[in-house]
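Structure, as structure tokens:
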Amino acid sequence: MKKPQTRIQKRNQAAILSAGLDVFSKYGFRGSTLDQIAETAGLSKPNLLYYFPSKEAIHTTLLERLLDTWLDPLKALDGAGDPVQEIMDYARRKLALSRDFPRESRLFANEILQGAPRIESILQNDLKALVDEKAAIIQGWADAGKIAPIDPHHLIFSIWALTQHYADFDVQVRAVLGDKPPYDGAAVFLEQLYAKLLTP
């Protein structure tokens, strides 16, 4: 039976994962090193290797934890709810994820840009099954005339693109907007866009 971690071990592991998230979200997997992660965590490299045997192990742990969080907003889309409201609520939840977890969003984006070598099977199985399930609900709403006719998969893709952009391209967004808070305006825009798009 595995011994429970001490308070110091938990703290060090959390510091390593937070540092890994910082480094990977900035430089991608290939551009990141264990030395960078150790320095960011305030630990020696041998100390880091006590907790994680490789850069891959840190990256995989972060991605596994992230995917549950990333899929939760879509899981919450309820087929028994008001169709337009449910879709707009999903867009709001995705926007909130970008606002609250920008490093995680960039970590995920970097993994996808590299061809998703560490999560490809999850994308092809868990993610695809979830998206297909929710797309069928959206298609049912469209067929019943509860929302305007729309391709449900591309609707979901558009929500991903319009919400994750604010985290993945944060520097560009803030350079253009200056002092204007990006997420307030984004929430209003998304509500206007999807209300008009979806209302039959």
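So you can find residues: chains in the structure tokens are A, B, ... in the order shown, residues in each start at 1, and ligands are numbered from 1 in order.
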Could you list, with a cut-off of 7 Å and counting only C-alpha atoms, the residues of region 58-106 of chain A near region 154-176 of chain A, each shown with its nearest atom pair and the distance in Å rounded to one decimal, rows sorted by chain and ascending number, as JSON lines?
{"residue": "A:Ala91", "atom": "CA", "partner": "A:Ile159", "partner_atom": "CA", "distance": 5.9}
{"residue": "A:Lys94", "atom": "CA", "partner": "A:Thr163", "partner_atom": "CA", "distance": 6.0}
{"residue": "A:Leu95", "atom": "CA", "partner": "A:Thr163", "partner_atom": "CA", "distance": 4.8}
{"residue": "A:Ser98", "atom": "CA", "partner": "A:Ala167", "partner_atom": "CA", "distance": 5.1}
{"residue": "A:Arg99", "atom": "CA", "partner": "A:Ala167", "partner_atom": "CA", "distance": 6.6}
{"residue": "A:Pro102", "atom": "CA", "partner": "A:Ala167", "partner_atom": "CA", "distance": 4.8}
{"residue": "A:Ser105", "atom": "CA", "partner": "A:Ala167", "partner_atom": "CA", "distance": 6.3}
{"residue": "A:Arg106", "atom": "CA", "partner": "A:Asp168", "partner_atom": "CA", "distance": 5.2}
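For region 69-71 of chain A, the non-local neighbours within 9 Å, defined as residues at least 5 positions apart in the same chain or in other chains and counting only C-alpha atoms, are Ala76, Lys94, Leu97, Glu104, Ser105, Leu127 and Leu130 of chain A.
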**Item:** Within 10 Å of Asp82 (chain A) using only C-alpha atoms, minus same-chain residues under 4 positions, as a ChimeraX atom specification
**Value:** /A:78,86-87,141,146-147
Next, the residues of the selection above should be written as a JSON list (two decimals), in the first residue's frame with N, CA and C atoms.
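Printed below is again14.json as written:
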[["chain", "number", "residue", "atom", "x", "y", "z"],
["A", 78, "ASP", "N", -27.75, 20.34, -21.42],
["A", 78, "ASP", "CA", -28.87, 19.50, -21.02],
["A", 78, "ASP", "C", -29.94, 19.45, -22.11],
["A", 86, "GLU", "N", -29.44, 26.78, -23.39],
["A", 86, "GLU", "CA", -28.43, 25.76, -23.13],
["A", 86, "GLU", "C", -27.16, 26.00, -23.95],
["A", 87, "ILE", "N", -27.34, 26.34, -25.21],
["A", 87, "ILE", "CA", -26.17, 26.58, -26.08],
["A", 87, "ILE", "C", -25.44, 27.85, -25.65],
["A", 141, "TRP", "N", -32.97, 19.41, -31.67],
["A", 141, "TRP", "CA", -33.62, 20.71, -31.46],
["A", 141, "TRP", "C", -33.89, 21.40, -32.80],
["A", 146, "LYS", "N", -36.91, 24.05, -32.81],
["A", 146, "LYS", "CA", -36.68, 24.81, -31.58],
["A", 146, "LYS", "C", -35.51, 25.79, -31.71],
["A", 147, "ILE", "N", -34.61, 25.50, -32.64],
["A", 147, "ILE", "CA", -33.54, 26.44, -33.00],
["A", 147, "ILE", "C", -33.47, 26.48, -34.53]]
**Asked** Which is closest to Leu62 (chain A) among A:Asp179, A:Asp89, A:Asp22, A:Glu191, if we use only C-alpha atoms?
**Response** A:Asp22
